[in-house]
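One file, run-v7.pdb, carrying PDB, C-alpha atoms and all ligand atoms:
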```pdb
MODEL        1
ATOM      1  CA  MET G   1       0.000   0.000   0.000  1.00  0.00           C
ATOM      2  CA  THR G   2       1.835   3.094  -1.249  1.00  0.00           C
ATOM      3  CA  ASP G   3       1.058   6.633  -0.173  1.00  0.00           C
ATOM      4  CA  ASP G   4      -0.760   7.100  -3.472  1.00  0.00           C
ATOM      5  CA  ASP G   5      -2.848   4.003  -2.744  1.00  0.00           C
ATOM      6  CA  LEU G   6      -3.683   5.377   0.690  1.00  0.00           C
ATOM      7  CA  ILE G   7      -4.771   8.688  -0.831  1.00  0.00           C
ATOM      8  CA  ALA G   8      -6.911   6.808  -3.360  1.00  0.00           C
ATOM      9  CA  ALA G   9      -8.550   4.877  -0.505  1.00  0.00           C
ATOM     10  CA  ALA G  10      -9.364   8.133   1.286  1.00  0.00           C
ATOM     11  CA  ARG G  11     -10.868   9.604  -1.887  1.00  0.00           C
ATOM     12  CA  LYS G  12     -12.895   6.446  -2.448  1.00  0.00           C
ATOM     13  CA  ALA G  13     -14.292   6.706   1.089  1.00  0.00           C
ATOM     14  CA  THR G  14     -15.885  10.060   0.255  1.00  0.00           C
ATOM     15  CA  GLU G  15     -18.362   8.190  -1.956  1.00  0.00           C
ATOM     16  CA  ASN G  16     -20.165   7.406   1.307  1.00  0.00           C
ATOM     17  CA  SER G  17     -19.815  10.874   2.813  1.00  0.00           C
ATOM     18  CA  TYR G  18     -23.040  12.099   4.383  1.00  0.00           C
ATOM     19  CA  SER G  19     -22.473  15.844   4.156  1.00  0.00           C
ATOM     20  CA  PRO G  20     -25.697  17.416   2.836  1.00  0.00           C
ATOM     21  CA  TYR G  21     -25.267  20.509   5.028  1.00  0.00           C
ATOM     22  CA  SER G  22     -21.715  21.535   4.192  1.00  0.00           C
ATOM     23  CA  ASN G  23     -21.397  19.799   0.828  1.00  0.00           C
ATOM     24  CA  PHE G  24     -17.802  19.307   1.918  1.00  0.00           C
ATOM     25  CA  ALA G  25     -16.977  15.621   1.544  1.00  0.00           C
ATOM     26  CA  VAL G  26     -13.867  14.572   3.457  1.00  0.00           C
ATOM     27  CA  GLY G  27     -12.156  11.189   3.251  1.00  0.00           C
ATOM     28  CA  SER G  28      -9.631   9.590   5.545  1.00  0.00           C
ATOM     29  CA  ALA G  29      -7.560   6.430   5.339  1.00  0.00           C
ATOM     30  CA  LEU G  30      -5.411   5.000   8.145  1.00  0.00           C
ATOM     31  CA  ARG G  31      -2.511   2.658   7.345  1.00  0.00           C
ATOM     32  CA  PHE G  32      -1.241   0.297  10.014  1.00  0.00           C
ATOM     33  CA  ALA G  33       2.057  -1.504  10.508  1.00  0.00           C
ATOM     34  CA  ASP G  34       0.589  -4.817   9.347  1.00  0.00           C
ATOM     35  CA  GLY G  35      -0.461  -3.220   6.046  1.00  0.00           C
ATOM     36  CA  SER G  36      -4.135  -3.013   6.874  1.00  0.00           C
ATOM     37  CA  VAL G  37      -6.130   0.098   5.986  1.00  0.00           C
ATOM     38  CA  VAL G  38      -9.220   1.540   7.682  1.00  0.00           C
ATOM     39  CA  THR G  39     -11.151   4.337   6.000  1.00  0.00           C
ATOM     40  CA  GLY G  40     -13.654   6.929   7.162  1.00  0.00           C
ATOM     41  CA  THR G  41     -15.689   9.782   5.813  1.00  0.00           C
ATOM     42  CA  ASN G  42     -17.567  12.648   7.409  1.00  0.00           C
ATOM     43  CA  ILE G  43     -21.074  12.026   8.733  1.00  0.00           C
ATOM     44  CA  GLU G  44     -23.152  15.138   9.379  1.00  0.00           C
ATOM     45  CA  ASN G  45     -26.349  15.635  11.340  1.00  0.00           C
ATOM     46  CA  ALA G  46     -29.418  17.863  11.134  1.00  0.00           C
ATOM     47  CA  SER G  47     -28.170  19.162  14.466  1.00  0.00           C
ATOM     48  CA  TYR G  48     -25.197  20.712  12.698  1.00  0.00           C
ATOM     49  CA  GLY G  49     -22.753  20.731  15.570  1.00  0.00           C
ATOM     50  CA  LEU G  50     -22.891  16.953  15.870  1.00  0.00           C
ATOM     51  CA  ALA G  51     -21.007  16.319  12.628  1.00  0.00           C
ATOM     52  CA  LEU G  52     -18.422  13.549  12.801  1.00  0.00           C
ATOM     53  CA  CYS G  53     -15.213  14.183  10.890  1.00  0.00           C
ATOM     54  CA  ALA G  54     -13.736  11.632   8.502  1.00  0.00           C
ATOM     55  CA  GLU G  55     -10.664  11.039  10.663  1.00  0.00           C
ATOM     56  CA  THR G  56     -12.712  10.507  13.815  1.00  0.00           C
ATOM     57  CA  VAL G  57     -14.945   8.022  11.991  1.00  0.00           C
ATOM     58  CA  ALA G  58     -11.888   6.119  10.737  1.00  0.00           C
ATOM     59  CA  VAL G  59     -10.279   5.966  14.188  1.00  0.00           C
ATOM     60  CA  SER G  60     -13.595   4.866  15.706  1.00  0.00           C
ATOM     61  CA  LYS G  61     -13.959   2.082  13.144  1.00  0.00           C
ATOM     62  CA  ALA G  62     -10.429   0.882  13.801  1.00  0.00           C
ATOM     63  CA  MET G  63     -10.744   0.939  17.582  1.00  0.00           C
ATOM     64  CA  ALA G  64     -14.151  -0.735  17.463  1.00  0.00           C
ATOM     65  CA  ASP G  65     -12.442  -3.553  15.571  1.00  0.00           C
ATOM     66  CA  GLY G  66      -9.936  -3.896  18.385  1.00  0.00           C
ATOM     67  CA  ILE G  67      -6.996  -2.013  16.871  1.00  0.00           C
ATOM     68  CA  ARG G  68      -4.909  -0.299  19.536  1.00  0.00           C
ATOM     69  CA  GLY G  69      -1.706   0.738  17.814  1.00  0.00           C
ATOM     70  CA  GLY G  70       0.540   0.478  14.781  1.00  0.00           C
ATOM     71  CA  LEU G  71      -0.780   3.644  13.160  1.00  0.00           C
ATOM     72  CA  GLU G  72       1.821   4.589  10.548  1.00  0.00           C
ATOM     73  CA  ALA G  73       0.154   6.977   8.110  1.00  0.00           C
ATOM     74  CA  VAL G  74      -3.077   8.891   7.593  1.00  0.00           C
ATOM     75  CA  ALA G  75      -4.364  10.377   4.343  1.00  0.00           C
ATOM     76  CA  VAL G  76      -6.973  13.144   4.436  1.00  0.00           C
ATOM     77  CA  THR G  77      -8.734  14.349   1.293  1.00  0.00           C
ATOM     78  CA  GLY G  78     -11.221  17.146   0.723  1.00  0.00           C
ATOM     79  CA  PRO G  79     -13.034  18.765  -2.173  1.00  0.00           C
ATOM     80  CA  GLY G  80     -10.981  21.961  -2.257  1.00  0.00           C
ATOM     81  CA  ASP G  81      -7.704  22.791  -3.966  1.00  0.00           C
ATOM     82  CA  GLU G  82      -5.815  23.412  -0.744  1.00  0.00           C
ATOM     83  CA  PRO G  83      -4.338  20.494   1.205  1.00  0.00           C
ATOM     84  CA  ILE G  84      -6.754  19.636   3.989  1.00  0.00           C
ATOM     85  CA  THR G  85      -5.409  19.288   7.511  1.00  0.00           C
ATOM     86  CA  PRO G  86      -7.197  17.499  10.352  1.00  0.00           C
ATOM     87  CA  CYS G  87      -9.229  19.730  12.657  1.00  0.00           C
ATOM     88  CA  GLY G  88      -8.141  20.138  16.266  1.00  0.00           C
ATOM     89  CA  ARG G  89     -10.468  17.483  17.640  1.00  0.00           C
ATOM     90  CA  CYS G  90      -9.328  14.962  15.042  1.00  0.00           C
ATOM     91  CA  ARG G  91      -5.684  15.643  15.899  1.00  0.00           C
ATOM     92  CA  GLN G  92      -6.462  14.697  19.481  1.00  0.00           C
ATOM     93  CA  VAL G  93      -8.446  11.612  18.436  1.00  0.00           C
ATOM     94  CA  LEU G  94      -5.610  10.482  16.128  1.00  0.00           C
ATOM     95  CA  ASN G  95      -3.112  11.099  18.922  1.00  0.00           C
ATOM     96  CA  GLU G  96      -4.912   8.692  21.248  1.00  0.00           C
ATOM     97  CA  LEU G  97      -4.501   5.776  18.831  1.00  0.00           C
ATOM     98  CA  ALA G  98      -0.968   6.812  17.879  1.00  0.00           C
ATOM     99  CA  GLN G  99       0.248   7.101  21.481  1.00  0.00           C
ATOM    100  CA  LEU G 100      -1.287   3.744  22.387  1.00  0.00           C
ATOM    101  CA  GLY G 101       1.061   2.109  19.896  1.00  0.00           C
ATOM    102  CA  GLY G 102       3.961   4.480  20.397  1.00  0.00           C
ATOM    103  CA  THR G 103       3.995   5.803  16.835  1.00  0.00           C
ATOM    104  CA  ASP G 104       4.104   9.288  15.343  1.00  0.00           C
ATOM    105  CA  PRO G 105       2.139   8.818  12.106  1.00  0.00           C
ATOM    106  CA  LEU G 106       2.770  10.694   8.898  1.00  0.00           C
ATOM    107  CA  ILE G 107      -0.251  12.781   7.947  1.00  0.00           C
ATOM    108  CA  LEU G 108      -0.806  13.228   4.211  1.00  0.00           C
ATOM    109  CA  CYS G 109      -2.825  16.412   3.784  1.00  0.00           C
ATOM    110  CA  VAL G 110      -4.089  16.130   0.239  1.00  0.00           C
ATOM    111  CA  GLY G 111      -4.866  19.002  -2.118  1.00  0.00           C
ATOM    112  CA  SER G 112      -5.652  19.011  -5.802  1.00  0.00           C
ATOM    113  CA  GLN G 113      -2.072  19.822  -6.802  1.00  0.00           C
ATOM    114  CA  GLU G 114       0.067  18.970  -3.809  1.00  0.00           C
ATOM    115  CA  VAL G 115       0.302  16.706  -0.794  1.00  0.00           C
ATOM    116  CA  HIS G 116       1.493  18.313   2.420  1.00  0.00           C
ATOM    117  CA  ARG G 117       3.354  15.708   4.481  1.00  0.00           C
ATOM    118  CA  VAL G 118       3.607  16.361   8.179  1.00  0.00           C
ATOM    119  CA  LYS G 119       4.053  14.316  11.346  1.00  0.00           C
ATOM    120  CA  LEU G 120       1.175  14.224  13.822  1.00  0.00           C
ATOM    121  CA  SER G 121       3.540  15.549  16.503  1.00  0.00           C
ATOM    122  CA  GLU G 122       4.024  18.675  14.375  1.00  0.00           C
ATOM    123  CA  LEU G 123       0.260  19.189  14.092  1.00  0.00           C
ATOM    124  CA  LEU G 124      -0.257  18.534  17.795  1.00  0.00           C
ATOM    125  CA  PRO G 125       2.925  19.370  19.721  1.00  0.00           C
ATOM    126  CA  GLN G 126       3.155  18.611  23.429  1.00  0.00           C
ATOM    127  CA  ALA G 127       0.026  16.500  23.113  1.00  0.00           C
ATOM    128  CA  PHE G 128      -2.020  15.361  26.049  1.00  0.00           C
ATOM    129  CA  GLY G 129      -2.559  11.623  25.760  1.00  0.00           C
ATOM    130  CA  PRO G 130      -2.901   8.333  27.589  1.00  0.00           C
ATOM    131  CA  ALA G 131       0.653   8.637  28.890  1.00  0.00           C
ATOM    132  CA  SER G 132      -0.260  11.939  30.535  1.00  0.00           C
ATOM    133  CA  LEU G 133      -2.685  10.350  32.971  1.00  0.00           C
ATOM    134  CA  VAL G 134      -1.340   9.121  36.277  1.00  0.00           C
TER
HETATM  135  N1  LIG W   1     -14.293  17.759   8.360  1.00  0.00           N
HETATM  136  C1  LIG W   1     -13.677  16.542   8.427  1.00  0.00           C
HETATM  137  O1  LIG W   1     -14.285  15.509   8.126  1.00  0.00           O
HETATM  138  N2  LIG W   1     -12.392  16.511   8.836  1.00  0.00           N
HETATM  139  C2  LIG W   1     -11.647  17.590   9.178  1.00  0.00           C
HETATM  140  O2  LIG W   1     -10.522  17.445   9.637  1.00  0.00           O
HETATM  141  C3  LIG W   1     -12.188  18.935   8.944  1.00  0.00           C
HETATM  142  C4  LIG W   1     -13.651  19.006   8.702  1.00  0.00           C
HETATM  143  C5  LIG W   1     -15.700  17.810   7.954  1.00  0.00           C
HETATM  144  C6  LIG W   1     -16.653  18.185   9.046  1.00  0.00           C
HETATM  145  C7  LIG W   1     -17.835  18.717   8.247  1.00  0.00           C
HETATM  146  O3  LIG W   1     -18.673  17.623   7.894  1.00  0.00           O
HETATM  147  C8  LIG W   1     -17.211  19.280   6.988  1.00  0.00           C
HETATM  148  O4  LIG W   1     -15.873  18.773   6.941  1.00  0.00           O
HETATM  149  C9  LIG W   1     -17.164  20.791   6.955  1.00  0.00           C
HETATM  150  O5  LIG W   1     -16.550  21.305   8.084  1.00  0.00           O
ENDMDL
END
```

Rewrite the coordinates I just gave you, this time as structure tokens.
Ligand code: THU
Amino acid sequence: MTDDDLIAAARKATENSYSPYSNFAVGSALRFADGSVVTGTNIENASYGLALCAETVAVSKAMADGIRGGLEAVAVTGPGDEPITPCGRCRQVLNELAQLGGTDPLILCVGSQEVHRVKLSELLPQAFGPASLV
């Protein structure tokens, strides 16, 4: 599974986006150390503030299937030209799964012309996570 394959998986996931309010379909694909991939897409709600982001849906799917670590890379795609970066809440949600497995995943923020590659620790420095709790 190359980075391009991961980006294609994230784009494919947007086919199931439920985003009638924003018309902003976001896709996410998580790649794990064993090669497995879990995708997500944004799910909105008539109560607008309850929207679930693509990355949060993907992490929830993975954790509900028992995955607790090994997160190596995350692709995020959106409909705009600019590379899309995970929102603050999604950074925290991604950090939980990453810290559980002791990884610092590469985040592929995908735009129409370029892919911005950044580590999660750069997007969320000095993160609060499971290791922070005593
Ligand atoms: N959205 C995501 O799915 N991920 C992000 O990181 C940013 C925003 C979604 C939420 C909402 O459904 C739509 O994009 C517009 O904000």

Test item: residues at most 9 Å from range 37-39 of chain G, all atoms listed in the file, excluding those fewer than 6 positions along its chain, as a list in words: Met1, Leu6, Ala9, Ala10, Lys12, Ala13, Gly27, Ser28, Ala29, Leu30, Arg31, Ala54, Glu55, Val57, Ala58, Val59, Lys61 and Ala62 of chain G

Site check for ligand LIG 1 (chain W): residues at most 7 Å away, only C-alpha atoms and all ligand atoms, as a list in words: Ser19, Ser22, Phe24, Ala25, Val26, Gly27, Thr41, Asn42, Ile43, Glu44, Ala51, Leu52, Cys53, Ala54, Glu55, Thr85, Pro86, Cys87 and Cys90 of chain G

Kindly list the centre and edge lengths in Å, rounded to one decimal, for the axis-aligned box that covers all listed atoms of range 61-69 of chain G plus 8 Å on each of its six sides, as JSON.
```
{"center_x": -7.9, "center_y": -0.9, "center_z": 16.3, "size_x": 28.4, "size_y": 22.0, "size_z": 22.4}
```

Coordinates-based distance that separates CA of Gly40 in chain G from CA of Lys119 in chain G (Å, one decimal):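 Answer for the CA of Lys119 in chain G to CA of Gly40 in chain G separation: 19.6 Å.
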
Distance query Gly129 in chain G at most 10 Å, only C-alpha atoms, self and fewer than 5 positions along chain excluded, as a PyMOL selection string: chain G and resi 92-93+95-100

Top pick for closest residue to Glu114 in chain G, considering G:Asn45, G:Gly80, G:Ala64, G:Val134 and counting only C-alpha atoms: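 That would be G:Gly80, the residue with the smallest distance to Glu114 in chain G.
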
Test item: residues at most 8 Å from Ile84 in chain G, all atoms listed in the file, excluding those fewer than 4 positions along its chain, as a VMD selection string: chain G and resid 76 to 78 80 109 to 111

Between CA of Asp104 in chain G and CA of Glu122 in chain G, distance in Å (one decimal): 9.4 Å

Distance criterion (only C-alpha atoms): nearest to Tyr48 in chain G out of G:Pro20, G:Pro130, G:Gly35, G:Gly66: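 Residue with the minimum atom-to-atom distance to Tyr48 in chain G: G:Pro20.
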
Nearest candidate to Ser112 in chain G (options G:Ala33, G:Arg11, G:Glu82, G:Met63; using only C-alpha atoms): G:Glu82

Range 15-46 of chain G dumped to file, N, CA and C atoms, as a PDB file, in the first residue's frame:
```
ATOM      1  N   GLU G  15     -17.141   8.603  -1.247  1.00  0.00           N
ATOM      2  CA  GLU G  15     -18.362   8.190  -1.956  1.00  0.00           C
ATOM      3  C   GLU G  15     -19.503   7.958  -0.966  1.00  0.00           C
ATOM      4  N   ASN G  16     -19.140   7.644   0.280  1.00  0.00           N
ATOM      5  CA  ASN G  16     -20.165   7.406   1.307  1.00  0.00           C
ATOM      6  C   ASN G  16     -20.303   8.578   2.271  1.00  0.00           C
ATOM      7  N   SER G  17     -19.677   9.703   1.939  1.00  0.00           N
ATOM      8  CA  SER G  17     -19.815  10.874   2.813  1.00  0.00           C
ATOM      9  C   SER G  17     -21.278  11.272   2.919  1.00  0.00           C
ATOM     10  N   TYR G  18     -21.692  11.554   4.168  1.00  0.00           N
ATOM     11  CA  TYR G  18     -23.040  12.099   4.383  1.00  0.00           C
ATOM     12  C   TYR G  18     -22.840  13.547   4.824  1.00  0.00           C
ATOM     13  N   SER G  19     -22.788  14.437   3.865  1.00  0.00           N
ATOM     14  CA  SER G  19     -22.473  15.844   4.156  1.00  0.00           C
ATOM     15  C   SER G  19     -23.408  16.784   3.395  1.00  0.00           C
ATOM     16  N   PRO G  20     -24.743  16.597   3.583  1.00  0.00           N
ATOM     17  CA  PRO G  20     -25.697  17.416   2.836  1.00  0.00           C
ATOM     18  C   PRO G  20     -25.732  18.865   3.303  1.00  0.00           C
ATOM     19  N   TYR G  21     -25.186  19.145   4.485  1.00  0.00           N
ATOM     20  CA  TYR G  21     -25.267  20.509   5.028  1.00  0.00           C
ATOM     21  C   TYR G  21     -24.084  21.360   4.605  1.00  0.00           C
ATOM     22  N   SER G  22     -22.909  20.778   4.607  1.00  0.00           N
ATOM     23  CA  SER G  22     -21.715  21.535   4.192  1.00  0.00           C
ATOM     24  C   SER G  22     -21.372  21.299   2.726  1.00  0.00           C
ATOM     25  N   ASN G  23     -21.844  20.202   2.167  1.00  0.00           N
ATOM     26  CA  ASN G  23     -21.397  19.799   0.828  1.00  0.00           C
ATOM     27  C   ASN G  23     -19.876  19.788   0.746  1.00  0.00           C
ATOM     28  N   PHE G  24     -19.264  19.362   1.826  1.00  0.00           N
ATOM     29  CA  PHE G  24     -17.802  19.307   1.918  1.00  0.00           C
ATOM     30  C   PHE G  24     -17.435  17.877   2.310  1.00  0.00           C
ATOM     31  N   ALA G  25     -17.227  17.040   1.300  1.00  0.00           N
ATOM     32  CA  ALA G  25     -16.977  15.621   1.544  1.00  0.00           C
ATOM     33  C   ALA G  25     -15.500  15.381   1.847  1.00  0.00           C
ATOM     34  N   VAL G  26     -15.236  14.845   3.017  1.00  0.00           N
ATOM     35  CA  VAL G  26     -13.867  14.572   3.457  1.00  0.00           C
ATOM     36  C   VAL G  26     -13.675  13.056   3.555  1.00  0.00           C
ATOM     37  N   GLY G  27     -12.494  12.610   3.139  1.00  0.00           N
ATOM     38  CA  GLY G  27     -12.156  11.189   3.251  1.00  0.00           C
ATOM     39  C   GLY G  27     -10.898  11.011   4.073  1.00  0.00           C
ATOM     40  N   SER G  28     -10.802   9.891   4.731  1.00  0.00           N
ATOM     41  CA  SER G  28      -9.631   9.590   5.545  1.00  0.00           C
ATOM     42  C   SER G  28      -9.286   8.118   5.397  1.00  0.00           C
ATOM     43  N   ALA G  29      -8.000   7.828   5.374  1.00  0.00           N
ATOM     44  CA  ALA G  29      -7.560   6.430   5.339  1.00  0.00           C
ATOM     45  C   ALA G  29      -6.371   6.280   6.288  1.00  0.00           C
ATOM     46  N   LEU G  30      -6.463   5.295   7.160  1.00  0.00           N
ATOM     47  CA  LEU G  30      -5.411   5.000   8.145  1.00  0.00           C
ATOM     48  C   LEU G  30      -4.657   3.763   7.682  1.00  0.00           C
ATOM     49  N   ARG G  31      -3.321   3.849   7.681  1.00  0.00           N
ATOM     50  CA  ARG G  31      -2.511   2.658   7.345  1.00  0.00           C
ATOM     51  C   ARG G  31      -1.780   2.200   8.597  1.00  0.00           C
ATOM     52  N   PHE G  32      -1.843   0.883   8.829  1.00  0.00           N
ATOM     53  CA  PHE G  32      -1.241   0.297  10.014  1.00  0.00           C
ATOM     54  C   PHE G  32      -0.001  -0.528   9.663  1.00  0.00           C
ATOM     55  N   ALA G  33       0.773  -0.833  10.697  1.00  0.00           N
ATOM     56  CA  ALA G  33       2.057  -1.504  10.508  1.00  0.00           C
ATOM     57  C   ALA G  33       1.914  -2.854   9.811  1.00  0.00           C
ATOM     58  N   ASP G  34       0.778  -3.507   9.988  1.00  0.00           N
ATOM     59  CA  ASP G  34       0.589  -4.817   9.347  1.00  0.00           C
ATOM     60  C   ASP G  34       0.073  -4.687   7.916  1.00  0.00           C
ATOM     61  N   GLY G  35      -0.025  -3.441   7.428  1.00  0.00           N
ATOM     62  CA  GLY G  35      -0.461  -3.220   6.046  1.00  0.00           C
ATOM     63  C   GLY G  35      -1.951  -2.993   5.905  1.00  0.00           C
ATOM     64  N   SER G  36      -2.689  -3.189   6.966  1.00  0.00           N
ATOM     65  CA  SER G  36      -4.135  -3.013   6.874  1.00  0.00           C
ATOM     66  C   SER G  36      -4.506  -1.527   6.780  1.00  0.00           C
ATOM     67  N   VAL G  37      -5.656  -1.272   6.190  1.00  0.00           N
ATOM     68  CA  VAL G  37      -6.130   0.098   5.986  1.00  0.00           C
ATOM     69  C   VAL G  37      -7.565   0.197   6.485  1.00  0.00           C
ATOM     70  N   VAL G  38      -7.856   1.262   7.224  1.00  0.00           N
ATOM     71  CA  VAL G  38      -9.220   1.540   7.682  1.00  0.00           C
ATOM     72  C   VAL G  38      -9.590   2.937   7.185  1.00  0.00           C
ATOM     73  N   THR G  39     -10.747   3.046   6.565  1.00  0.00           N
ATOM     74  CA  THR G  39     -11.151   4.337   6.000  1.00  0.00           C
ATOM     75  C   THR G  39     -12.319   4.939   6.782  1.00  0.00           C
ATOM     76  N   GLY G  40     -12.515   6.239   6.572  1.00  0.00           N
ATOM     77  CA  GLY G  40     -13.654   6.929   7.162  1.00  0.00           C
ATOM     78  C   GLY G  40     -14.041   8.106   6.293  1.00  0.00           C
ATOM     79  N   THR G  41     -15.233   8.587   6.516  1.00  0.00           N
ATOM     80  CA  THR G  41     -15.689   9.782   5.813  1.00  0.00           C
ATOM     81  C   THR G  41     -16.602  10.566   6.740  1.00  0.00           C
ATOM     82  N   ASN G  42     -16.798  11.830   6.459  1.00  0.00           N
ATOM     83  CA  ASN G  42     -17.567  12.648   7.409  1.00  0.00           C
ATOM     84  C   ASN G  42     -19.059  12.327   7.356  1.00  0.00           C
ATOM     85  N   ILE G  43     -19.657  12.343   8.539  1.00  0.00           N
ATOM     86  CA  ILE G  43     -21.074  12.026   8.733  1.00  0.00           C
ATOM     87  C   ILE G  43     -21.711  13.202   9.465  1.00  0.00           C
ATOM     88  N   GLU G  44     -22.543  13.945   8.772  1.00  0.00           N
ATOM     89  CA  GLU G  44     -23.152  15.138   9.379  1.00  0.00           C
ATOM     90  C   GLU G  44     -24.504  14.808  10.002  1.00  0.00           C
ATOM     91  N   ASN G  45     -25.105  15.835  10.596  1.00  0.00           N
ATOM     92  CA  ASN G  45     -26.349  15.635  11.340  1.00  0.00           C
ATOM     93  C   ASN G  45     -27.207  16.884  11.190  1.00  0.00           C
ATOM     94  N   ALA G  46     -28.521  16.713  11.210  1.00  0.00           N
ATOM     95  CA  ALA G  46     -29.418  17.863  11.134  1.00  0.00           C
ATOM     96  C   ALA G  46     -29.172  18.828  12.285  1.00  0.00           C
TER      97      ALA G  46
END
```
